[in-house]
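Input: a single structure, listed below in structure tokens.
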Amino acid sequence: MIYDLALTIAYDYGRPSAQARNVLRVLPANRPGEQRRITGMIGITPRPAERTDRMDFFGNAVSEIAFHAPISDLTVRLQSRVERLARPLQFDLSPPLDRLGAQLLGQPALSADSPHHFLASSPRIRFDTEVTDFVRRVLPAQPTALAAVQAVGRALHEEMRFDAEATDVDTPLSEAFANRHGVCQDFSHVMIAGLRSIGLPAGYVSGILRTQPPDGQARLEGADAMHAWVRVWCGTDLGWVEYDPTNDLMAGSDHVSVAVGRDYSDVVPVKGAVRSSGQQQSTHSVDLVPVPV
């Protein structure tokens, strides 16, 4: 599936900033066998005094920008064409969950894709007793690694309610789970914490959902904004799989990935420092349109 993607993120500062410096992660990912970025251009208004484009440790495209003169607003616009290569799951080739640890020991590399980076606590994900107990209750008897992922994701979807007003970007996962509602970031953080607690390496995917579903299919939650889902290592043979707990499905051709990391802190679309005063307002818009073949 090929898409044209348009993304706009705009900030209006209460008063002109004395200085501003930002890190952008908005360019869709290139991942062999999963996704190909055909074209991609980031426009920034006003024009920054400095700009550096690079790749971070996890292979995400990063643009660092800085302004030396005061600015009263900032707009980031992305135009991209992306081919999403959905990898259908036909067979469960993952090991029994209690044997996954042995396969992890056979993964000595510490490259960006190594599962060892996704087992421990990370800046926004801490192990939570309630989440761990919930995960252990919903696991089937003697599951495979993939069956465990699907069981936890399905149970979490049934347990929590999607509510765009319930949380903000800084809400701890323990609070979102205790209240049983949140947005895609909360669903993903809770699921990652639960999977790591039973020994499954799990990471965070930032991306975008197809805005208009195919005829006859329900519209997915979170399609009006940047979305998030979970990436899980399910053993040597199956490797990494992606699951969307907000919508209770394996991520596929409707999911265009932008960045991956241990949690949201590794993939924030626009992060930085602004020296200003007064209230700051932000808006964003997303459009992901299939390209007719």
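Residue numbering restarts at 1 for every chain of the structure tokens, chains are lettered A, B, ... in their displayed order, and ligands are numbered from 1 as they appear.
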
If we count only C-alpha atoms and set the cut-off at 7 Å, which residues sit around region 133-150 of chain A, ignoring sequence neighbours fewer than 6 positions away in its own chain? Please answer as a list in words.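 My reading of the contact set: Asp92, Ser94, Pro95, Pro96, Leu97, Gly194 and Cys234 of chain A.
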
When you look at Val286 (chain A) with a cut-off of 7 Å (counting only C-alpha atoms), what residues show up, excluding the ones that are within fewer than 3 positions of it in the same chain? I need them as a compact mmCIF listing (two decimals) with all heavy atoms, in the first residue's frame.
```txt
# COMPACT_ATOMS: atom_id res chain seq x y z
N ALA A 6 0.56 13.92 4.83
CA ALA A 6 0.74 15.34 5.14
C ALA A 6 0.56 15.51 6.64
O ALA A 6 -0.44 15.06 7.21
CB ALA A 6 -0.26 16.19 4.39
N LEU A 7 1.54 16.12 7.28
CA LEU A 7 1.50 16.35 8.72
C LEU A 7 1.91 17.78 9.01
O LEU A 7 2.91 18.26 8.48
CB LEU A 7 2.46 15.39 9.43
CG LEU A 7 2.75 15.65 10.91
CD1 LEU A 7 1.52 15.43 11.75
CD2 LEU A 7 3.91 14.77 11.39
N THR A 8 1.11 18.48 9.82
CA THR A 8 1.44 19.84 10.23
C THR A 8 1.35 19.94 11.74
O THR A 8 0.34 19.54 12.35
CB THR A 8 0.48 20.87 9.60
OG1 THR A 8 0.56 20.78 8.18
CG2 THR A 8 0.86 22.29 10.03
N ASP A 224 -7.04 10.54 13.81
CA ASP A 224 -6.99 11.98 13.57
C ASP A 224 -5.69 12.62 14.05
O ASP A 224 -5.53 13.82 13.95
CB ASP A 224 -8.16 12.67 14.29
CG ASP A 224 -9.49 12.36 13.60
OD1 ASP A 224 -9.49 12.17 12.39
OD2 ASP A 224 -10.51 12.32 14.31
N ALA A 225 -4.80 11.85 14.61
CA ALA A 225 -3.57 12.39 15.16
C ALA A 225 -2.46 11.36 15.00
O ALA A 225 -2.69 10.28 14.46
CB ALA A 225 -3.76 12.74 16.63
```

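One finds CA of Leu89 (chain A) at 28.1 Å from CA of Ile125 (chain A).
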
Using DSSP secondary structure from the backbone, list all strand (DSSP E or B) positions within region 107-284 of chain A, as a ChimeraX atom specification. /A:122,125,144,161-162,181-182,202-209,226-233,240-244,249-250,255-261,270-274,281-284

If you take only C-alpha atoms and a cut-off of 7 Å, which residues of region 76-162 of chain A touch region 167-187 of chain A, and what are their nearest atom pairs and distances in Å to one decimal, in chain and number order, as a tab-separated table?
```
residue	atom	partner	partner_atom	distance
A:Asp128	CA	A:Ser174	CA	6.7
A:Glu159	CA	A:Arg180	CA	6.6
A:Met160	CA	A:Arg180	CA	4.5
A:Arg161	CA	A:His181	CA	4.5
A:Phe162	CA	A:Gly182	CA	5.3
```

With C-alpha atoms retained, export the selected residues as a CSV table (one decimal), in the first residue's frame.
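This is the output file part_19.csv:
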```csv
chain,number,residue,atom,x,y,z
A,128,ASP,CA,3.9,-1.6,38.0
A,159,GLU,CA,-10.2,-3.4,30.1
A,160,MET,CA,-9.4,0.2,29.1
A,161,ARG,CA,-11.5,2.9,27.3
A,162,PHE,CA,-10.1,5.2,24.7
```

Need to verify the contact set: Val76 (chain A), 10 Å, only C-alpha atoms, exclusion of same-chain residues closer than 3 positions in sequence. Can you return it as a list in words?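 Here the answer would be Leu7, Thr8, Ile9, Ala10, Tyr11, Leu24, Val26, Ile42, Gly43, Ile44, Thr45, Pro46, Val270 and His284 of chain A.
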
For each of A:Trp229, A:Phe67, A:Phe91, A:Tyr264, take the minimum atom-to-atom distance to Gly252 (chain A), counting only C-alpha atoms, then give the residue where this is smallest. A:Trp229

Near region 100-122 of chain A, 12 Å: region 11-75 of chain A residue rows, closest pairs, only C-alpha atoms, as JSON lines:
```
{"residue": "A:Arg31", "atom": "CA", "partner": "A:Asp113", "partner_atom": "CA", "distance": 11.0}
{"residue": "A:Met55", "atom": "CA", "partner": "A:Ala112", "partner_atom": "CA", "distance": 11.4}
{"residue": "A:Asp56", "atom": "CA", "partner": "A:Ala112", "partner_atom": "CA", "distance": 9.4}
{"residue": "A:Phe57", "atom": "CA", "partner": "A:Ala112", "partner_atom": "CA", "distance": 6.1}
{"residue": "A:Phe58", "atom": "CA", "partner": "A:Ala112", "partner_atom": "CA", "distance": 4.9}
{"residue": "A:Gly59", "atom": "CA", "partner": "A:Ala112", "partner_atom": "CA", "distance": 7.2}
{"residue": "A:Asn60", "atom": "CA", "partner": "A:Ala112", "partner_atom": "CA", "distance": 10.3}
```

Keeping only N, CA and C atoms, write the selected residues to a file as a PDB file, in the first residue's frame.
```
ATOM      1  N   ARG A  31      12.307   0.837   6.871  1.00  0.00           N
ATOM      2  CA  ARG A  31      12.580  -0.431   7.542  1.00  0.00           C
ATOM      3  C   ARG A  31      12.446  -1.558   6.533  1.00  0.00           C
ATOM      4  N   MET A  55      20.641  10.409  11.922  1.00  0.00           N
ATOM      5  CA  MET A  55      19.912   9.242  12.415  1.00  0.00           C
ATOM      6  C   MET A  55      20.255   9.047  13.884  1.00  0.00           C
ATOM      7  N   ASP A  56      19.267   8.692  14.704  1.00  0.00           N
ATOM      8  CA  ASP A  56      19.563   8.423  16.104  1.00  0.00           C
ATOM      9  C   ASP A  56      19.933   6.952  16.285  1.00  0.00           C
ATOM     10  N   PHE A  57      20.168   6.537  17.544  1.00  0.00           N
ATOM     11  CA  PHE A  57      20.632   5.175  17.810  1.00  0.00           C
ATOM     12  C   PHE A  57      19.679   4.124  17.267  1.00  0.00           C
ATOM     13  N   PHE A  58      18.365   4.373  17.362  1.00  0.00           N
ATOM     14  CA  PHE A  58      17.385   3.385  16.942  1.00  0.00           C
ATOM     15  C   PHE A  58      17.053   3.457  15.451  1.00  0.00           C
ATOM     16  N   GLY A  59      17.784   4.285  14.696  1.00  0.00           N
ATOM     17  CA  GLY A  59      17.580   4.365  13.256  1.00  0.00           C
ATOM     18  C   GLY A  59      16.492   5.322  12.831  1.00  0.00           C
ATOM     19  N   ASN A  60      16.041   6.188  13.726  1.00  0.00           N
ATOM     20  CA  ASN A  60      15.016   7.170  13.393  1.00  0.00           C
ATOM     21  C   ASN A  60      15.647   8.409  12.764  1.00  0.00           C
TER      22      ASN A  60
END
```

Near-Ser265 (chain A) list (10 Å; only C-alpha atoms; drop same-chain fewer than 2 positions) as a list in words: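 What passes the distance filter is Ser122, Pro123, Arg124, Ile125, Tyr204, Gly261, Arg262, Asp263, Val267, Val268, Pro269 and Lys271 of chain A.
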
Emit the selected residues as a compact mmCIF listing (two decimals), in the first residue's frame, including N, CA, C and O atoms.
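Writing done, so here's out24.txt:
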```txt
# COMPACT_ATOMS: atom_id res chain seq x y z
N SER A 122 12.46 2.01 31.45
CA SER A 122 12.96 3.11 30.61
C SER A 122 12.38 4.41 31.16
O SER A 122 11.59 4.38 32.12
N PRO A 123 12.76 5.56 30.63
CA PRO A 123 12.38 6.83 31.26
C PRO A 123 10.90 6.99 31.60
O PRO A 123 10.55 7.54 32.65
N ARG A 124 10.00 6.50 30.74
CA ARG A 124 8.57 6.67 31.00
C ARG A 124 7.85 5.37 31.33
O ARG A 124 6.62 5.36 31.47
N ILE A 125 8.59 4.29 31.45
CA ILE A 125 7.96 3.01 31.76
C ILE A 125 8.67 2.38 32.95
O ILE A 125 9.85 2.04 32.88
N TYR A 204 8.19 0.85 21.75
CA TYR A 204 7.13 1.81 21.42
C TYR A 204 7.29 2.24 19.96
O TYR A 204 8.40 2.53 19.51
N GLY A 261 11.28 3.25 19.67
CA GLY A 261 12.14 3.47 20.82
C GLY A 261 11.66 2.66 22.00
O GLY A 261 10.78 1.82 21.88
N ARG A 262 12.26 2.93 23.16
CA ARG A 262 11.87 2.19 24.35
C ARG A 262 10.52 2.66 24.89
O ARG A 262 9.74 1.88 25.42
N ASP A 263 10.24 3.97 24.75
CA ASP A 263 8.96 4.54 25.14
C ASP A 263 8.82 5.88 24.43
O ASP A 263 9.63 6.23 23.56
N VAL A 267 10.78 8.98 21.03
CA VAL A 267 10.18 9.21 19.70
C VAL A 267 9.37 10.49 19.64
O VAL A 267 8.62 10.69 18.68
N VAL A 268 9.50 11.38 20.62
CA VAL A 268 8.69 12.61 20.65
C VAL A 268 8.81 13.34 19.31
O VAL A 268 9.93 13.63 18.86
N PRO A 269 7.69 13.66 18.64
CA PRO A 269 7.77 14.30 17.31
C PRO A 269 8.49 15.64 17.33
O PRO A 269 9.31 15.92 16.45
N LYS A 271 10.49 18.02 20.17
CA LYS A 271 10.99 18.17 21.54
C LYS A 271 12.04 19.26 21.55
O LYS A 271 12.84 19.38 20.61
```

Distance in Å - CA of His189 (chain A) versus CA of Gly239 (chain A): 20.6 Å

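The space separating CA of Leu195 (chain A) from CA of Pro32 (chain A) comes to 25.2 Å.
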
For Gln280 (chain A): contacts at 7 Å, only C-alpha atoms, fewer than 4 positions along chain excluded, given as a list in words: Asp12, Tyr13 and Gly14 of chain A

Selection from above, N, CA, C and O atoms, as a compact mmCIF listing (two decimals), in the first residue's frame, can you write it?
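And here's result_34.txt as it stands now:
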```txt
# COMPACT_ATOMS: atom_id res chain seq x y z
N ASP A 12 2.11 28.35 18.82
CA ASP A 12 1.96 29.81 18.94
C ASP A 12 2.36 30.18 20.37
O ASP A 12 1.73 29.75 21.33
N TYR A 13 3.45 30.95 20.50
CA TYR A 13 3.97 31.30 21.81
C TYR A 13 3.30 32.57 22.33
O TYR A 13 2.94 33.47 21.57
N GLY A 14 3.13 32.63 23.66
CA GLY A 14 2.48 33.79 24.27
C GLY A 14 3.21 35.08 23.97
O GLY A 14 2.61 36.10 23.65
```

Which residues are near Val23 (chain A)? Cut-off 10 Å, only C-alpha atoms, ignore same chain within fewer than 5 positions. Put them as a list of chain:residue names. A:Arg51, A:Thr52, A:Asp53, A:Val62, A:Ser63, A:Glu64, A:Ile65, A:Ala66, A:Val268, A:Pro269, A:Val270, A:Lys271, A:Gly272, A:Ala273

Mind dumping the selected residues with N, CA and C atoms as a PDB file, in the first residue's frame?
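As a result, out-v2.pdb now contains:
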```pdb
ATOM      1  N   ARG A  51      20.338  23.909  11.152  1.00  0.00           N
ATOM      2  CA  ARG A  51      19.605  22.649  10.956  1.00  0.00           C
ATOM      3  C   ARG A  51      20.608  21.536  10.659  1.00  0.00           C
ATOM      4  N   THR A  52      20.453  20.437  11.392  1.00  0.00           N
ATOM      5  CA  THR A  52      21.281  19.257  11.194  1.00  0.00           C
ATOM      6  C   THR A  52      20.371  18.041  11.081  1.00  0.00           C
ATOM      7  N   ASP A  53      20.552  17.254  10.020  1.00  0.00           N
ATOM      8  CA  ASP A  53      19.778  16.032   9.820  1.00  0.00           C
ATOM      9  C   ASP A  53      20.673  14.829  10.076  1.00  0.00           C
ATOM     10  N   VAL A  62      16.219  12.182  12.351  1.00  0.00           N
ATOM     11  CA  VAL A  62      16.157  13.288  13.301  1.00  0.00           C
ATOM     12  C   VAL A  62      16.611  14.570  12.607  1.00  0.00           C
ATOM     13  N   SER A  63      15.870  15.659  12.863  1.00  0.00           N
ATOM     14  CA  SER A  63      16.298  16.987  12.421  1.00  0.00           C
ATOM     15  C   SER A  63      16.440  17.879  13.653  1.00  0.00           C
ATOM     16  N   GLU A  64      17.632  18.434  13.835  1.00  0.00           N
ATOM     17  CA  GLU A  64      17.868  19.355  14.945  1.00  0.00           C
ATOM     18  C   GLU A  64      17.876  20.776  14.396  1.00  0.00           C
ATOM     19  N   ILE A  65      17.066  21.654  15.004  1.00  0.00           N
ATOM     20  CA  ILE A  65      16.963  23.033  14.512  1.00  0.00           C
ATOM     21  C   ILE A  65      17.180  24.005  15.663  1.00  0.00           C
ATOM     22  N   ALA A  66      17.665  25.198  15.334  1.00  0.00           N
ATOM     23  CA  ALA A  66      17.888  26.225  16.346  1.00  0.00           C
ATOM     24  C   ALA A  66      17.621  27.595  15.737  1.00  0.00           C
ATOM     25  N   VAL A 268       9.498  11.382  20.621  1.00  0.00           N
ATOM     26  CA  VAL A 268       8.694  12.614  20.654  1.00  0.00           C
ATOM     27  C   VAL A 268       8.813  13.337  19.308  1.00  0.00           C
ATOM     28  N   PRO A 269       7.687  13.657  18.644  1.00  0.00           N
ATOM     29  CA  PRO A 269       7.775  14.296  17.312  1.00  0.00           C
ATOM     30  C   PRO A 269       8.492  15.640  17.325  1.00  0.00           C
ATOM     31  N   VAL A 270       8.158  16.484  18.310  1.00  0.00           N
ATOM     32  CA  VAL A 270       8.821  17.788  18.436  1.00  0.00           C
ATOM     33  C   VAL A 270       9.198  17.965  19.902  1.00  0.00           C
ATOM     34  N   LYS A 271      10.494  18.017  20.165  1.00  0.00           N
ATOM     35  CA  LYS A 271      10.987  18.171  21.536  1.00  0.00           C
ATOM     36  C   LYS A 271      12.040  19.264  21.546  1.00  0.00           C
ATOM     37  N   GLY A 272      12.040  20.068  22.603  1.00  0.00           N
ATOM     38  CA  GLY A 272      13.055  21.106  22.643  1.00  0.00           C
ATOM     39  C   GLY A 272      12.877  22.062  23.792  1.00  0.00           C
ATOM     40  N   ALA A 273      13.535  23.199  23.677  1.00  0.00           N
ATOM     41  CA  ALA A 273      13.517  24.220  24.723  1.00  0.00           C
ATOM     42  C   ALA A 273      13.223  25.566  24.094  1.00  0.00           C
TER      43      ALA A 273
END
```

Looking only at helix (DSSP H, G or I) from DSSP on the backbone, list the matching residues of region 73-167 of chain A as a PyMOL selection string. chain A and resi 97-105+115-118+129-138+145-159

Write the residues of the preceding selection, restricted to N, CA, C and O atoms, as a short mmCIF file (atom, residue, chain, number, x, y, z; two decimals), in the first residue's frame.
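See selection_36.cif below for the written result:
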```cif
data_model
loop_
_atom_site.label_atom_id
_atom_site.label_comp_id
_atom_site.auth_asym_id
_atom_site.auth_seq_id
_atom_site.Cartn_x
_atom_site.Cartn_y
_atom_site.Cartn_z
N LEU A 97 6.50 -19.25 25.88
CA LEU A 97 6.97 -18.08 26.63
C LEU A 97 8.07 -18.45 27.62
O LEU A 97 9.03 -17.70 27.79
N ASP A 98 7.96 -19.62 28.25
CA ASP A 98 8.96 -20.00 29.24
C ASP A 98 10.29 -20.42 28.63
O ASP A 98 11.25 -20.68 29.35
N ARG A 99 10.36 -20.48 27.30
CA ARG A 99 11.63 -20.80 26.63
C ARG A 99 12.23 -19.59 25.90
O ARG A 99 13.28 -19.70 25.26
N LEU A 100 11.53 -18.47 25.95
CA LEU A 100 12.02 -17.28 25.24
C LEU A 100 13.34 -16.80 25.82
O LEU A 100 14.22 -16.32 25.08
N GLY A 101 13.52 -16.93 27.13
CA GLY A 101 14.76 -16.49 27.76
C GLY A 101 15.98 -17.17 27.19
O GLY A 101 17.05 -16.54 27.02
N ALA A 102 15.86 -18.46 26.85
CA ALA A 102 17.00 -19.18 26.27
C ALA A 102 17.36 -18.60 24.92
O ALA A 102 18.54 -18.51 24.57
N GLN A 103 16.35 -18.20 24.14
CA GLN A 103 16.63 -17.60 22.83
C GLN A 103 17.23 -16.20 22.99
O GLN A 103 18.06 -15.78 22.18
N LEU A 104 16.83 -15.49 24.03
CA LEU A 104 17.43 -14.18 24.29
C LEU A 104 18.92 -14.31 24.59
O LEU A 104 19.72 -13.47 24.16
N LEU A 105 19.29 -15.35 25.30
CA LEU A 105 20.71 -15.57 25.61
C LEU A 105 21.52 -15.81 24.35
O LEU A 105 22.74 -15.58 24.33
N PRO A 115 16.92 -7.11 21.04
CA PRO A 115 15.83 -7.14 22.04
C PRO A 115 16.27 -6.77 23.44
O PRO A 115 15.44 -6.40 24.28
N HIS A 116 17.58 -6.81 23.73
CA HIS A 116 18.05 -6.54 25.09
C HIS A 116 17.78 -5.09 25.53
O HIS A 116 17.69 -4.82 26.72
N HIS A 117 17.63 -4.17 24.56
CA HIS A 117 17.36 -2.77 24.90
C HIS A 117 15.94 -2.56 25.41
O HIS A 117 15.62 -1.49 25.93
N PHE A 118 15.08 -3.56 25.23
CA PHE A 118 13.65 -3.38 25.46
C PHE A 118 13.11 -4.27 26.57
O PHE A 118 11.93 -4.61 26.58
N THR A 129 3.03 -3.06 39.81
CA THR A 129 2.50 -4.31 40.36
C THR A 129 1.11 -4.62 39.83
O THR A 129 0.80 -5.78 39.48
N GLU A 130 0.25 -3.62 39.75
CA GLU A 130 -1.12 -3.85 39.26
C GLU A 130 -1.12 -4.31 37.81
O GLU A 130 -1.88 -5.20 37.42
N VAL A 131 -0.28 -3.70 37.01
CA VAL A 131 -0.20 -4.09 35.60
C VAL A 131 0.34 -5.52 35.48
O VAL A 131 -0.19 -6.34 34.71
N THR A 132 1.40 -5.83 36.23
CA THR A 132 1.97 -7.18 36.18
C THR A 132 0.95 -8.22 36.61
O THR A 132 0.81 -9.27 35.97
N ASP A 133 0.22 -7.95 37.69
CA ASP A 133 -0.80 -8.90 38.15
C ASP A 133 -1.89 -9.09 37.10
O ASP A 133 -2.37 -10.21 36.86
N PHE A 134 -2.29 -8.00 36.46
CA PHE A 134 -3.31 -8.07 35.40
C PHE A 134 -2.83 -8.95 34.26
O PHE A 134 -3.56 -9.82 33.76
N VAL A 135 -1.58 -8.74 33.83
CA VAL A 135 -1.03 -9.51 32.72
C VAL A 135 -0.98 -11.00 33.06
O VAL A 135 -1.37 -11.86 32.24
N ARG A 136 -0.55 -11.32 34.25
CA ARG A 136 -0.47 -12.74 34.63
C ARG A 136 -1.85 -13.39 34.69
O ARG A 136 -2.00 -14.57 34.40
N ARG A 137 -2.87 -12.60 35.04
CA ARG A 137 -4.23 -13.16 35.11
C ARG A 137 -4.80 -13.48 33.72
O ARG A 137 -5.57 -14.42 33.57
N VAL A 138 -4.43 -12.68 32.72
CA VAL A 138 -5.05 -12.85 31.41
C VAL A 138 -4.27 -13.78 30.49
O VAL A 138 -4.75 -14.11 29.39
N ALA A 145 5.09 -17.02 22.80
CA ALA A 145 5.36 -15.59 22.95
C ALA A 145 4.32 -14.77 22.20
O ALA A 145 3.79 -13.77 22.72
N LEU A 146 3.99 -15.16 20.97
CA LEU A 146 3.01 -14.42 20.19
C LEU A 146 1.62 -14.50 20.82
O LEU A 146 0.90 -13.50 20.88
N ALA A 147 1.24 -15.68 21.29
CA ALA A 147 -0.06 -15.83 21.94
C ALA A 147 -0.16 -14.95 23.18
O ALA A 147 -1.22 -14.38 23.49
N ALA A 148 0.94 -14.78 23.90
CA ALA A 148 0.95 -13.91 25.07
C ALA A 148 0.73 -12.46 24.66
O ALA A 148 -0.04 -11.73 25.30
N VAL A 149 1.40 -12.04 23.59
CA VAL A 149 1.22 -10.66 23.10
C VAL A 149 -0.24 -10.41 22.74
O VAL A 149 -0.85 -9.40 23.14
N GLN A 150 -0.84 -11.32 21.99
CA GLN A 150 -2.21 -11.14 21.55
C GLN A 150 -3.19 -11.19 22.71
O GLN A 150 -4.16 -10.42 22.76
N ALA A 151 -2.95 -12.06 23.67
CA ALA A 151 -3.84 -12.17 24.82
C ALA A 151 -3.79 -10.90 25.67
O ALA A 151 -4.83 -10.38 26.11
N VAL A 152 -2.61 -10.38 25.92
CA VAL A 152 -2.46 -9.17 26.72
C VAL A 152 -3.07 -7.97 25.99
O VAL A 152 -3.80 -7.16 26.58
N GLY A 153 -2.80 -7.85 24.69
CA GLY A 153 -3.35 -6.73 23.93
C GLY A 153 -4.86 -6.76 23.89
O GLY A 153 -5.53 -5.72 24.05
N ARG A 154 -5.43 -7.93 23.70
CA ARG A 154 -6.89 -8.06 23.64
C ARG A 154 -7.51 -7.73 24.99
O ARG A 154 -8.52 -7.01 25.07
N ALA A 155 -6.94 -8.26 26.07
CA ALA A 155 -7.47 -8.01 27.40
C ALA A 155 -7.37 -6.53 27.77
O ALA A 155 -8.28 -5.96 28.39
N LEU A 156 -6.27 -5.89 27.38
CA LEU A 156 -6.10 -4.47 27.68
C LEU A 156 -7.12 -3.63 26.92
O LEU A 156 -7.68 -2.67 27.45
N HIS A 157 -7.37 -4.01 25.67
CA HIS A 157 -8.38 -3.31 24.87
C HIS A 157 -9.76 -3.41 25.53
O HIS A 157 -10.54 -2.45 25.52
N GLU A 158 -10.07 -4.56 26.10
CA GLU A 158 -11.36 -4.75 26.76
C GLU A 158 -11.41 -4.04 28.11
O GLU A 158 -12.47 -3.59 28.54
N GLU A 159 -10.28 -3.92 28.77
CA GLU A 159 -10.23 -3.36 30.12
C GLU A 159 -10.22 -1.83 30.11
O GLU A 159 -10.81 -1.19 31.00
#
```

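If only C-alpha atoms are the atoms counted, then among A:Leu78, A:His68, A:Ala20, A:Arg36 the closest residue to Ser285 (chain A) is A:Leu78.
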
Select, from A:Ala29, A:Ile192, A:Val293, A:Leu93, the residue with the minimum atom-to-atom distance to His255 (chain A), counting only C-alpha atoms. A:Ala29

Fewer than 4 positions away in the same chain doesn't count, so skip those; otherwise give me all residues within 10 Å of Val258 (chain A), counting only C-alpha atoms, as a PDB file with C-alpha atoms, in the first residue's frame.
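Generated output (part.pdb):
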```pdb
ATOM      1  CA  ARG A  25      11.212  13.076  14.635  1.00  0.00           C
ATOM      2  CA  VAL A  26       8.469  13.279  11.998  1.00  0.00           C
ATOM      3  CA  LEU A  27       9.976  11.723   8.862  1.00  0.00           C
ATOM      4  CA  PRO A  28       8.516   8.227   8.172  1.00  0.00           C
ATOM      5  CA  ALA A  29      10.844   5.325   8.827  1.00  0.00           C
ATOM      6  CA  ASN A  30      12.718   3.186   6.323  1.00  0.00           C
ATOM      7  CA  GLN A  35       8.167   0.120   5.059  1.00  0.00           C
ATOM      8  CA  ARG A  37       9.978   6.033   2.382  1.00  0.00           C
ATOM      9  CA  ASN A  60      15.016   7.170  13.393  1.00  0.00           C
ATOM     10  CA  ALA A  61      15.419  10.211  11.160  1.00  0.00           C
ATOM     11  CA  VAL A 205       6.193   2.762  17.855  1.00  0.00           C
ATOM     12  CA  SER A 206       5.151   6.278  16.907  1.00  0.00           C
ATOM     13  CA  GLY A 207       3.257   6.559  13.654  1.00  0.00           C
ATOM     14  CA  ILE A 208       0.121   7.452  11.760  1.00  0.00           C
ATOM     15  CA  MET A 226      -0.220  10.713  15.477  1.00  0.00           C
ATOM     16  CA  HIS A 227      -0.766   7.210  16.807  1.00  0.00           C
ATOM     17  CA  ALA A 228       1.216   4.722  18.888  1.00  0.00           C
ATOM     18  CA  VAL A 267      10.181   9.207  19.703  1.00  0.00           C
ATOM     19  CA  PRO A 269       7.775  14.296  17.312  1.00  0.00           C
TER      20      PRO A 269
END
```
